[in-house]
$ cat upload_12.cif   # mmCIF, C-alpha atoms
data_protein
loop_
_atom_site.label_atom_id
_atom_site.label_comp_id
_atom_site.auth_asym_id
_atom_site.auth_seq_id
_atom_site.Cartn_x
_atom_site.Cartn_y
_atom_site.Cartn_z
CA MET A 1 -21.97 23.94 -12.79
CA ARG A 2 -18.86 21.92 -11.96
CA ILE A 3 -19.31 19.90 -8.76
CA LEU A 4 -16.42 18.20 -6.99
CA PHE A 5 -17.27 15.21 -4.77
CA THR A 6 -14.62 13.84 -2.42
CA CYS A 7 -14.51 10.76 -0.21
CA ARG A 8 -12.25 8.30 1.50
CA PRO A 9 -11.45 5.30 -0.73
CA ALA A 10 -13.98 2.95 0.90
CA TYR A 11 -17.38 1.73 -0.27
CA GLY A 12 -19.16 3.01 2.83
CA HIS A 13 -17.82 6.50 2.08
CA LEU A 14 -18.30 6.47 -1.71
CA PHE A 15 -21.74 4.88 -2.04
CA PRO A 16 -23.64 7.57 -0.04
CA LEU A 17 -22.40 10.24 -2.49
CA LEU A 18 -23.40 8.43 -5.68
CA PRO A 19 -27.18 9.12 -5.74
CA LEU A 20 -26.50 12.86 -5.57
CA ALA A 21 -23.63 12.60 -8.08
CA ASP A 22 -25.85 10.63 -10.46
CA ALA A 23 -28.58 13.26 -10.11
CA ALA A 24 -26.05 16.01 -10.88
CA ARG A 25 -24.79 14.20 -13.97
CA ALA A 26 -28.34 13.55 -15.18
CA ALA A 27 -29.11 17.26 -14.77
CA GLY A 28 -26.20 18.16 -17.04
CA HIS A 29 -23.67 19.28 -14.44
CA ASP A 30 -19.96 18.49 -14.76
CA VAL A 31 -19.18 15.99 -11.99
CA VAL A 32 -15.63 15.28 -10.77
CA PHE A 33 -14.46 13.00 -7.96
CA GLY A 34 -11.45 13.10 -5.70
CA THR A 35 -10.63 9.94 -3.74
CA GLY A 36 -7.77 7.67 -2.73
CA GLU A 37 -5.69 5.92 -5.36
CA ALA A 38 -7.31 2.49 -4.97
CA PHE A 39 -10.77 3.86 -5.76
CA VAL A 40 -9.90 6.12 -8.69
CA PRO A 41 -10.37 3.27 -11.21
CA LYS A 42 -13.63 2.23 -9.53
CA VAL A 43 -15.06 5.75 -9.83
CA ARG A 44 -13.93 6.03 -13.44
CA GLU A 45 -15.69 2.74 -14.20
CA LEU A 46 -18.88 4.47 -13.07
CA GLY A 47 -18.32 7.09 -15.76
CA PHE A 48 -17.02 9.96 -13.63
CA GLU A 49 -13.81 11.92 -13.97
CA ALA A 50 -11.67 11.04 -10.95
CA HIS A 51 -8.41 12.24 -9.41
CA ARG A 52 -6.23 10.89 -6.63
CA VAL A 53 -6.90 12.75 -3.40
CA GLY A 54 -5.65 11.56 -0.02
CA ILE A 55 -4.66 8.19 1.40
CA SER A 56 -6.67 5.18 2.48
CA ILE A 57 -8.04 4.61 5.97
CA ARG A 58 -5.85 1.52 6.26
CA GLU A 59 -2.71 3.54 5.42
CA ALA A 60 -3.63 6.11 8.05
CA GLU A 61 -4.37 3.41 10.61
CA ALA A 62 -1.01 1.73 10.02
CA GLU A 63 0.85 5.03 10.49
CA ALA A 64 -1.18 5.96 13.58
CA GLN A 65 -0.46 2.59 15.17
CA ARG A 66 3.23 2.97 14.31
CA ARG A 67 3.25 6.30 16.13
CA HIS A 68 1.32 5.18 19.20
CA GLY A 69 2.29 1.53 19.45
CA ALA A 70 0.37 -1.69 18.94
CA ASP A 71 -1.39 -1.39 22.31
CA ALA A 72 -2.74 2.13 21.71
CA GLY A 73 -6.42 2.74 22.32
CA PHE A 74 -9.10 3.82 19.86
CA ILE A 75 -9.03 7.46 20.98
CA ASP A 76 -5.35 8.05 20.23
CA VAL A 77 -5.32 6.04 17.01
CA GLY A 78 -8.67 7.30 15.72
CA ILE A 79 -8.01 10.98 16.37
CA THR A 80 -4.53 10.77 14.85
CA MET A 81 -6.07 9.14 11.77
CA PHE A 82 -9.07 11.38 11.20
CA ALA A 83 -7.86 14.66 12.67
CA GLU A 84 -4.27 14.61 11.40
CA LEU A 85 -3.11 12.02 8.88
CA LEU A 86 -6.16 11.79 6.62
CA PRO A 87 -6.95 15.53 6.36
CA ARG A 88 -3.30 16.46 5.84
CA ALA A 89 -2.96 13.94 3.00
CA THR A 90 -6.23 15.14 1.45
CA MET A 91 -5.18 18.77 1.58
CA ALA A 92 -1.74 18.01 0.14
CA ASP A 93 -3.30 16.42 -2.96
CA LEU A 94 -6.27 18.76 -3.27
CA ARG A 95 -4.42 22.06 -2.83
CA PRO A 96 -2.91 22.06 -6.36
CA LEU A 97 -5.99 20.35 -7.81
CA LEU A 98 -8.61 22.92 -6.79
CA PRO A 99 -7.24 25.76 -8.96
CA ALA A 100 -7.03 23.40 -11.93
CA LEU A 101 -10.55 21.98 -11.51
CA ARG A 102 -12.15 25.29 -10.49
CA PRO A 103 -15.30 23.70 -8.97
CA ASP A 104 -18.37 25.82 -8.31
CA LEU A 105 -19.44 23.55 -5.44
CA VAL A 106 -17.72 20.92 -3.30
CA VAL A 107 -19.58 18.03 -1.67
CA TYR A 108 -17.57 15.90 0.75
CA GLU A 109 -18.57 12.99 2.97
CA GLN A 110 -18.29 14.10 6.55
CA SER A 111 -15.06 12.29 7.46
CA ASP A 112 -13.18 14.05 4.64
CA VAL A 113 -12.63 17.21 6.67
CA GLY A 114 -9.50 18.18 4.77
CA THR A 115 -11.67 18.92 1.75
CA GLY A 116 -13.98 21.14 3.78
CA ALA A 117 -11.08 23.10 5.26
CA LEU A 118 -9.41 23.69 1.91
CA ALA A 119 -12.63 24.61 0.10
CA GLN A 120 -13.49 27.13 2.78
CA ARG A 121 -10.07 28.74 2.48
CA ALA A 122 -10.41 28.86 -1.33
CA GLY A 123 -13.82 30.52 -1.09
CA VAL A 124 -15.63 27.59 -2.75
CA PRO A 125 -19.08 26.70 -1.35
CA ALA A 126 -18.71 23.35 0.41
CA VAL A 127 -21.24 21.01 1.98
CA SER A 128 -20.67 17.81 3.96
CA LEU A 129 -22.88 14.76 3.58
CA VAL A 130 -23.63 13.11 6.91
CA ILE A 131 -22.73 9.43 6.67
CA GLY A 132 -22.64 8.60 10.37
CA ARG A 133 -23.51 9.80 13.83
CA SER A 134 -21.23 12.26 15.62
CA MET A 135 -18.44 11.22 17.94
CA PRO A 136 -18.88 11.85 21.69
CA PRO A 137 -18.28 15.50 22.68
CA GLU A 138 -15.08 14.67 24.56
CA LEU A 139 -13.59 13.17 21.40
CA LEU A 140 -14.77 16.06 19.26
CA SER A 141 -13.04 18.58 21.49
CA VAL A 142 -9.74 16.72 21.18
CA ALA A 143 -10.22 16.32 17.43
CA ALA A 144 -10.94 20.04 17.11
CA GLU A 145 -7.64 20.84 18.82
CA ARG A 146 -5.77 18.58 16.38
CA LEU A 147 -7.59 20.05 13.39
CA ALA A 148 -7.18 23.68 14.44
CA PRO A 149 -3.85 24.21 12.62
CA LEU A 150 -5.52 22.97 9.42
CA TRP A 151 -8.86 24.67 9.66
CA GLY A 152 -8.54 27.54 12.11
CA GLU A 153 -11.60 28.23 14.20
CA LEU A 154 -13.82 25.13 14.15
CA PRO A 155 -17.51 24.58 14.78
CA ALA A 156 -18.51 22.20 17.56
CA ASP A 157 -18.57 19.27 15.15
CA ALA A 158 -15.58 19.62 12.87
CA MET A 159 -16.75 16.87 10.55
CA LEU A 160 -20.00 18.59 9.59
CA GLY A 161 -18.67 22.06 8.82
CA ASP A 162 -21.01 25.01 8.36
CA THR A 163 -23.39 23.31 5.92
CA CYS A 164 -24.43 19.69 5.63
CA ILE A 165 -26.78 17.24 3.95
CA ASP A 166 -28.51 15.11 6.58
CA VAL A 167 -29.86 11.73 5.42
CA TRP A 168 -31.17 10.59 8.82
CA PRO A 169 -34.95 10.69 9.51
CA ASP A 170 -36.18 12.54 12.57
CA SER A 171 -36.59 9.48 14.82
CA VAL A 172 -32.91 8.55 14.63
CA ARG A 173 -31.39 11.88 13.69
CA ASP A 174 -28.15 12.86 15.40
CA PRO A 175 -28.96 15.84 17.67
CA GLY A 176 -25.52 17.28 16.85
CA THR A 177 -26.66 18.01 13.32
CA ALA A 178 -29.16 20.55 14.64
CA GLY A 179 -26.25 22.82 15.57
CA VAL A 180 -25.10 23.23 11.97
CA PRO A 181 -26.13 26.66 10.61
CA LYS A 182 -27.56 25.32 7.33
CA VAL A 183 -28.91 21.78 6.87
CA PHE A 184 -30.33 20.17 3.73
CA ARG A 185 -32.50 17.13 4.46
CA MET A 186 -32.27 14.30 1.92
CA ARG A 187 -33.83 10.87 1.62
CA PRO A 188 -31.21 8.15 2.12
CA THR A 189 -31.19 6.59 -1.32
CA PRO A 190 -29.35 3.27 -1.63
CA TYR A 191 -26.73 2.84 -4.26
CA ASP A 192 -26.70 -0.77 -5.35
CA ALA A 193 -23.60 -2.14 -7.02
CA HIS A 194 -24.26 -3.24 -10.60
CA VAL A 195 -24.50 -6.91 -9.74
CA PRO A 196 -27.34 -9.33 -10.44
CA LEU A 197 -29.84 -10.23 -7.77
CA PRO A 198 -28.89 -13.70 -6.51
CA PRO A 199 -31.57 -16.40 -6.31
CA LEU A 200 -33.49 -15.65 -3.14
CA PRO A 201 -35.49 -17.94 -0.88
CA GLU A 202 -39.11 -17.17 -0.12
CA ASP A 203 -39.93 -13.83 1.52
CA GLY A 204 -39.12 -13.62 5.21
CA PHE A 205 -35.52 -14.85 5.21
CA VAL A 206 -32.79 -13.40 7.44
CA TYR A 207 -30.29 -11.14 5.70
CA LEU A 208 -26.82 -11.13 7.27
CA THR A 209 -23.95 -8.79 6.43
CA LEU A 210 -21.02 -7.21 8.21
CA GLY A 211 -20.58 -4.61 5.49
CA THR A 212 -17.66 -3.93 3.20
CA VAL A 213 -15.04 -3.47 5.92
CA VAL A 214 -15.31 -6.27 8.46
CA PHE A 215 -12.74 -4.95 11.04
CA GLY A 216 -11.22 -8.43 11.30
CA ALA A 217 -14.60 -9.87 12.33
CA THR A 218 -14.58 -13.00 10.19
CA GLN A 219 -15.11 -15.11 13.30
CA VAL A 220 -18.12 -13.00 14.23
CA LEU A 221 -19.55 -13.64 10.77
CA ARG A 222 -18.98 -17.39 11.04
CA GLY A 223 -20.56 -17.46 14.49
CA ALA A 224 -23.57 -15.49 13.28
CA ILE A 225 -24.04 -17.88 10.36
CA ALA A 226 -23.94 -20.87 12.70
CA ALA A 227 -26.40 -19.24 15.11
CA LEU A 228 -28.88 -18.09 12.46
CA SER A 229 -28.80 -21.42 10.65
CA ARG A 230 -30.56 -22.91 13.68
CA LEU A 231 -33.65 -20.82 12.94
CA PRO A 232 -36.53 -22.29 10.92
CA VAL A 233 -35.87 -19.81 8.08
CA ASP A 234 -33.38 -19.35 5.27
CA VAL A 235 -30.37 -17.06 5.64
CA VAL A 236 -28.80 -14.90 2.91
CA VAL A 237 -25.25 -13.70 3.64
CA ALA A 238 -23.47 -10.88 1.77
CA VAL A 239 -19.71 -10.51 2.24
CA GLY A 240 -19.20 -7.52 -0.08
CA PRO A 241 -15.68 -7.49 -1.57
CA GLY A 242 -14.76 -10.57 0.45
CA ASP A 243 -14.53 -14.06 -1.01
CA PRO A 244 -17.65 -16.15 -0.20
CA ALA A 245 -15.55 -19.31 -0.46
CA ALA A 246 -13.39 -18.13 2.44
CA LEU A 247 -16.23 -18.95 4.83
CA GLY A 248 -15.98 -22.62 3.92
CA PRO A 249 -18.97 -24.99 3.98
CA VAL A 250 -22.21 -23.50 5.31
CA PRO A 251 -25.47 -25.13 6.46
CA GLU A 252 -28.10 -26.04 3.87
CA ASN A 253 -30.41 -23.14 4.75
CA VAL A 254 -27.62 -20.55 4.24
CA ARG A 255 -26.69 -18.89 0.93
CA VAL A 256 -23.52 -16.78 0.64
CA ALA A 257 -22.86 -14.08 -1.98
CA GLY A 258 -20.35 -11.27 -2.48
CA PHE A 259 -21.91 -7.93 -3.37
CA VAL A 260 -25.69 -7.94 -3.68
CA PRO A 261 -28.18 -5.23 -4.73
CA GLN A 262 -28.99 -4.64 -1.08
CA ALA A 263 -32.20 -2.64 -1.51
CA SER A 264 -33.66 -5.42 -3.65
CA VAL A 265 -32.64 -8.05 -1.10
CA LEU A 266 -34.12 -6.03 1.77
CA ALA A 267 -37.44 -5.83 -0.06
CA HIS A 268 -37.84 -9.59 0.53
CA ALA A 269 -36.14 -10.06 3.92
CA GLY A 270 -37.84 -10.51 7.27
CA LEU A 271 -34.95 -9.56 9.55
CA VAL A 272 -31.55 -7.89 9.07
CA VAL A 273 -28.55 -8.95 11.15
CA HIS A 274 -25.59 -6.65 10.58
CA HIS A 275 -22.69 -4.55 11.85
CA GLY A 276 -24.51 -1.26 12.28
CA GLY A 277 -23.03 0.61 9.32
CA THR A 278 -25.05 3.64 8.26
CA GLY A 279 -25.97 2.31 4.81
CA THR A 280 -27.41 -0.93 6.18
CA VAL A 281 -29.11 0.80 9.11
CA LEU A 282 -30.91 3.26 6.86
CA GLY A 283 -31.62 0.65 4.18
CA ALA A 284 -33.25 -1.67 6.71
CA LEU A 285 -35.28 1.20 8.20
CA ALA A 286 -36.43 2.29 4.74
CA ALA A 287 -37.64 -1.28 4.18
CA GLY A 288 -39.43 -1.27 7.56
CA LEU A 289 -37.43 -4.21 8.91
CA PRO A 290 -36.37 -5.11 12.45
CA GLN A 291 -32.62 -5.30 13.02
CA LEU A 292 -30.15 -7.21 15.15
CA VAL A 293 -26.95 -5.14 15.35
CA LEU A 294 -23.51 -6.58 16.11
CA PRO A 295 -21.33 -3.43 16.04
CA GLN A 296 -17.63 -3.89 15.24
CA GLY A 297 -16.17 -0.37 15.09
CA ALA A 298 -16.45 3.32 14.15
CA ASP A 299 -19.97 4.82 14.50
CA GLN A 300 -21.62 1.39 14.57
CA PHE A 301 -21.92 1.44 18.36
CA ALA A 302 -23.75 4.78 18.30
CA ASN A 303 -26.09 3.47 15.60
CA ALA A 304 -26.80 0.33 17.61
CA GLU A 305 -27.53 2.37 20.73
CA ALA A 306 -29.91 4.71 18.90
CA LEU A 307 -31.87 1.86 17.27
CA SER A 308 -32.10 -0.09 20.53
CA ALA A 309 -33.36 2.96 22.42
CA LEU A 310 -36.17 3.31 19.90
CA GLY A 311 -37.11 -0.35 20.05
CA ALA A 312 -36.43 -0.84 16.34
CA ALA A 313 -33.56 -3.23 16.98
CA LYS A 314 -31.67 -5.33 19.47
CA ALA A 315 -27.92 -4.96 19.87
CA LEU A 316 -25.23 -7.34 21.11
CA VAL A 317 -21.89 -5.72 21.92
CA GLY A 318 -18.46 -7.08 22.81
CA ASP A 319 -18.53 -10.29 24.84
CA ALA A 320 -22.30 -10.50 24.39
CA VAL A 321 -21.79 -11.43 20.71
CA ARG A 322 -22.11 -15.17 21.19
CA MET A 323 -23.97 -17.80 19.21
CA PRO A 324 -26.74 -18.52 21.79
CA ALA A 325 -27.40 -14.79 22.24
CA ILE A 326 -27.53 -14.16 18.47
CA GLU A 327 -29.94 -17.05 17.98
CA ALA A 328 -32.18 -15.97 20.88
CA ALA A 329 -32.31 -12.31 19.81
CA ALA A 330 -33.07 -13.22 16.20
CA ARG A 331 -35.87 -15.57 17.25
CA GLU A 332 -37.42 -12.87 19.39
CA LEU A 333 -37.25 -10.24 16.65
CA LEU A 334 -38.83 -12.60 14.11
CA ALA A 335 -41.68 -13.46 16.47
CA ASP A 336 -42.38 -10.05 18.03
CA PRO A 337 -44.10 -7.49 15.76
CA ALA A 338 -43.18 -4.47 17.93
CA ALA A 339 -39.77 -3.76 16.38
CA ARG A 340 -41.19 -4.16 12.88
CA GLN A 341 -44.00 -1.71 13.63
CA ILE A 342 -41.52 0.89 14.89
CA ALA A 343 -39.33 0.39 11.83
CA GLN A 344 -42.31 0.77 9.53
CA GLY A 345 -43.10 4.12 11.15
CA ILE A 346 -39.54 5.29 10.47
CA ALA A 347 -39.83 3.99 6.89
CA ALA A 348 -42.71 6.43 6.39
CA GLU A 349 -40.49 9.28 7.67
CA ILE A 350 -37.78 8.31 5.18
CA ALA A 351 -40.23 8.21 2.30
CA ASP A 352 -41.28 11.79 3.08
CA LEU A 353 -37.74 13.21 2.87
CA PRO A 354 -36.71 15.06 -0.34
CA SER A 355 -35.12 13.05 -3.13
CA PRO A 356 -31.50 13.61 -4.26
CA GLU A 357 -32.86 15.36 -7.37
CA VAL A 358 -34.76 17.89 -5.25
CA VAL A 359 -31.80 18.45 -2.94
CA LEU A 360 -29.50 18.95 -5.93
CA GLY A 361 -31.67 21.84 -7.06
CA GLU A 362 -31.52 23.37 -3.59
CA LEU A 363 -27.73 23.01 -3.49
CA VAL A 364 -27.29 24.63 -6.89
CA SER A 365 -29.43 27.59 -5.82
CA TRP A 366 -27.57 27.89 -2.53
CA ALA A 367 -24.12 27.74 -4.13
CA GLY A 368 -25.00 29.95 -7.08
#

$ encode --input "upload_12.cif" --output "structure tokens"
Amino acid sequence: MRILFTCRPAYGHLFPLLPLADAARAAGHDVVFGTGEAFVPKVRELGFEAHRVGISIREAEAEAQRRHGADAGFIDVGITMFAELLPRATMADLRPLLPALRPDLVVYEQSDVGTGALAQRAGVPAVSLVIGRSMPPELLSVAAERLAPLWGELPADAMLGDTCIDVWPDSVRDPGTAGVPKVFRMRPTPYDAHVPLPPLPEDGFVYLTLGTVVFGATQVLRGAIAALSRLPVDVVVAVGPGDPAALGPVPENVRVAGFVPQASVLAHAGLVVHHGGTGTVLGALAAGLPQLVLPQGADQFANAEALSALGAAKALVGDAVRMPAIEAAARELLADPAARQIAQGIAAEIADLPSPEVVLGELVSWAG
């Protein structure tokens, strides 16, 4: 079977697809990727055939801000990006590519709705992979109106389509996913970049990251480092594609790295302080760790709210993200076992979900 995977050219959109793509390749299927130009070489380095499909989120953001003005709010800019500019660019590149590739199945990460629309029109079985929590209903209704000329009649959640792969365990599952006619449940399996594990301090350190797209939050990262360095523990900081040297000198109990094999790091951490991105949220839950969430954009606020409501995390938002508050919340999470116990219960839920290999078999049967 030939399986086409598509994603925005961003690590947080590519990495969730890779465990399933690796399983498909190992099972002997022909795997092809479509993504933005900047990530085509990165995907090819992983050994997959890759084609340019769509534009980057940054390109779409720049155009949306040009249209609406520098003072435009998130709703106008975000909907223009994800309900107009990105899907139109995806469909423009994918329309001539689909007949040439002739995939038997299409798997797209949920924000790549242009792929879902085009696959449906071409009669190719398509499934979205849930990488984040749904937008509020009022935003979805506006997004659906913008997408209607591309997709026609839309389901309530345009990003999920008619079939999806849900990687969220029951305790933190987005209730909107329940409305999708067909759902495949899959264990969130981390994809760790092929980088060595840096020297780690003794078990129980604080792991700090703001993900691979920091939304201009360098000052937040510096403030968090300063706050956490006051704790009587070591701190490991991962800046992803950023330059560790750009942070300048750091306290003696702080170690800074670029990309790290996050699952391996989480296996030794005692607390995770992060932005609330889906990959880090699920990775920390799978490791049974308490979390302090400092959301910066996108679905991170919804993730922070869900974790806080469960008691598995504390969240600091907006003006509350200050050094004394970060230090105090981290101290409390390290000392109080309640959040850890809740996270460990969710870790057991994650462990019980089907592996990517099992889900691949289900997808092949469904599409065949």

$ resolve_selection --input "upload_12.cif" --expression "the PyMOL selection byres ((chain A and resi 163-165) around 8)" --output "ChimeraX atom specification"
/A:126-130,160-162,166-167,180-186

$ resolve_selection --input "upload_12.cif" --expression "the PyMOL selection byres ((chain A and resi 97) around 12)" --output "PyMOL selection string"
chain A and resi 4+32-34+50-54+90-96+98-103+115+118-119+122

$ closest_residue --input "upload_12.cif" --among "A:Pro199, A:Ala246, A:Leu210, A:Ser229" --to "His268 of chain A" --atoms "all atoms listed in the file"
A:Pro199

$ closest_residue --input "upload_12.cif" --among "A:Thr209, A:Ser264, A:Thr80, A:Gln344" --to "Ser171 of chain A" --atoms "all atoms listed in the file"
A:Gln344

$ resolve_selection --input "upload_12.cif" --expression "the PyMOL selection byres ((chain A and resi 63) around 12)" --output "JSON list (two decimals) with C-alpha atoms, in the frame of the given file"
[["chain", "number", "residue", "atom", "x", "y", "z"],
["A", 55, "ILE", "CA", -4.66, 8.19, 1.40],
["A", 56, "SER", "CA", -6.67, 5.18, 2.48],
["A", 57, "ILE", "CA", -8.04, 4.61, 5.97],
["A", 58, "ARG", "CA", -5.85, 1.52, 6.26],
["A", 59, "GLU", "CA", -2.71, 3.54, 5.42],
["A", 60, "ALA", "CA", -3.63, 6.11, 8.05],
["A", 61, "GLU", "CA", -4.37, 3.41, 10.61],
["A", 62, "ALA", "CA", -1.01, 1.73, 10.02],
["A", 64, "ALA", "CA", -1.18, 5.96, 13.58],
["A", 65, "GLN", "CA", -0.46, 2.59, 15.17],
["A", 66, "ARG", "CA", 3.23, 2.97, 14.31],
["A", 67, "ARG", "CA", 3.25, 6.30, 16.13],
["A", 68, "HIS", "CA", 1.32, 5.18, 19.20],
["A", 69, "GLY", "CA", 2.29, 1.53, 19.45],
["A", 70, "ALA", "CA", 0.37, -1.69, 18.94],
["A", 76, "ASP", "CA", -5.35, 8.05, 20.23],
["A", 77, "VAL", "CA", -5.32, 6.04, 17.01],
["A", 78, "GLY", "CA", -8.67, 7.30, 15.72],
["A", 80, "THR", "CA", -4.53, 10.77, 14.85],
["A", 81, "MET", "CA", -6.07, 9.14, 11.77],
["A", 82, "PHE", "CA", -9.07, 11.38, 11.20],
["A", 84, "GLU", "CA", -4.27, 14.61, 11.40],
["A", 85, "LEU", "CA", -3.11, 12.02, 8.88],
["A", 86, "LEU", "CA", -6.16, 11.79, 6.62]]

$ atom_distance --input "upload_12.cif" --atom1 "atom CA of Leu360 of chain A" --atom2 "atom CA of Pro125 of chain A"
13.8 Å

$ closest_residue --input "upload_12.cif" --among "A:Asp319, A:Glu37, A:Glu327, A:Glu202" --to "Gly270 of chain A" --atoms "only C-alpha atoms"
A:Glu202

$ residues_around --input "upload_12.cif" --residues "Ile326 of chain A" --least-positions-apart "2" --cutoff "9 Å" --atoms "all atoms listed in the file" --output "PyMOL selection string"
chain A and resi 223-224+227-228+292+294+316+320-324+328-331

$ closest_residue --input "upload_12.cif" --among "A:Asp203, A:Asp234, A:Asp170, A:Glu145" --to "Leu310 of chain A" --atoms "all atoms listed in the file"
A:Asp170

$ closest_residue --input "upload_12.cif" --among "A:Ile350, A:Val206, A:Val172, A:Val40" --to "Ala304 of chain A" --atoms "all atoms listed in the file"
A:Val172

$ atom_distance --input "upload_12.cif" --atom1 "atom CA of Ile225 of chain A" --atom2 "atom CA of Leu200 of chain A"
16.6 Å

$ closest_residue --input "upload_12.cif" --among "A:Val260, A:Ala338, A:Ala351, A:Ala306" --to "Gly240 of chain A" --atoms "only C-alpha atoms"
A:Val260

$ atom_distance --input "upload_12.cif" --atom1 "atom CA of Gln120 of chain A" --atom2 "atom CA of Leu105 of chain A"
10.8 Å

$ residues_around --input "upload_12.cif" --residues "His29 of chain A" --least-positions-apart "4" --cutoff "8 Å" --atoms "all atoms listed in the file" --output "VMD selection string"
chain A and resid 1 to 3 24 to 25

$ axis_aligned_box --input "upload_12.cif" --around "segment 122-127 of chain A" --padding-each-side "5 Å" --output "AutoDock Vina command-line options"
--center_x -15.8 --center_y 25.8 --center_z -0.4 --size_x 20.8 --size_y 19.5 --size_z 14.7

$ residues_around --input "upload_12.cif" --residues "Leu285 of chain A" --least-positions-apart "6" --cutoff "8 Å" --atoms "all atoms listed in the file" --output "list in words"
Ala343, Gln344, Ile346 and Ala347 of chain A

$ residues_around --input "upload_12.cif" --residues "segment 12-18 of chain A" --least-positions-apart "2" --cutoff "8 Å" --atoms "all atoms listed in the file" --output "ChimeraX atom specification"
/A:5,7-10,20-22,109,129,131,188-191,212,277,279
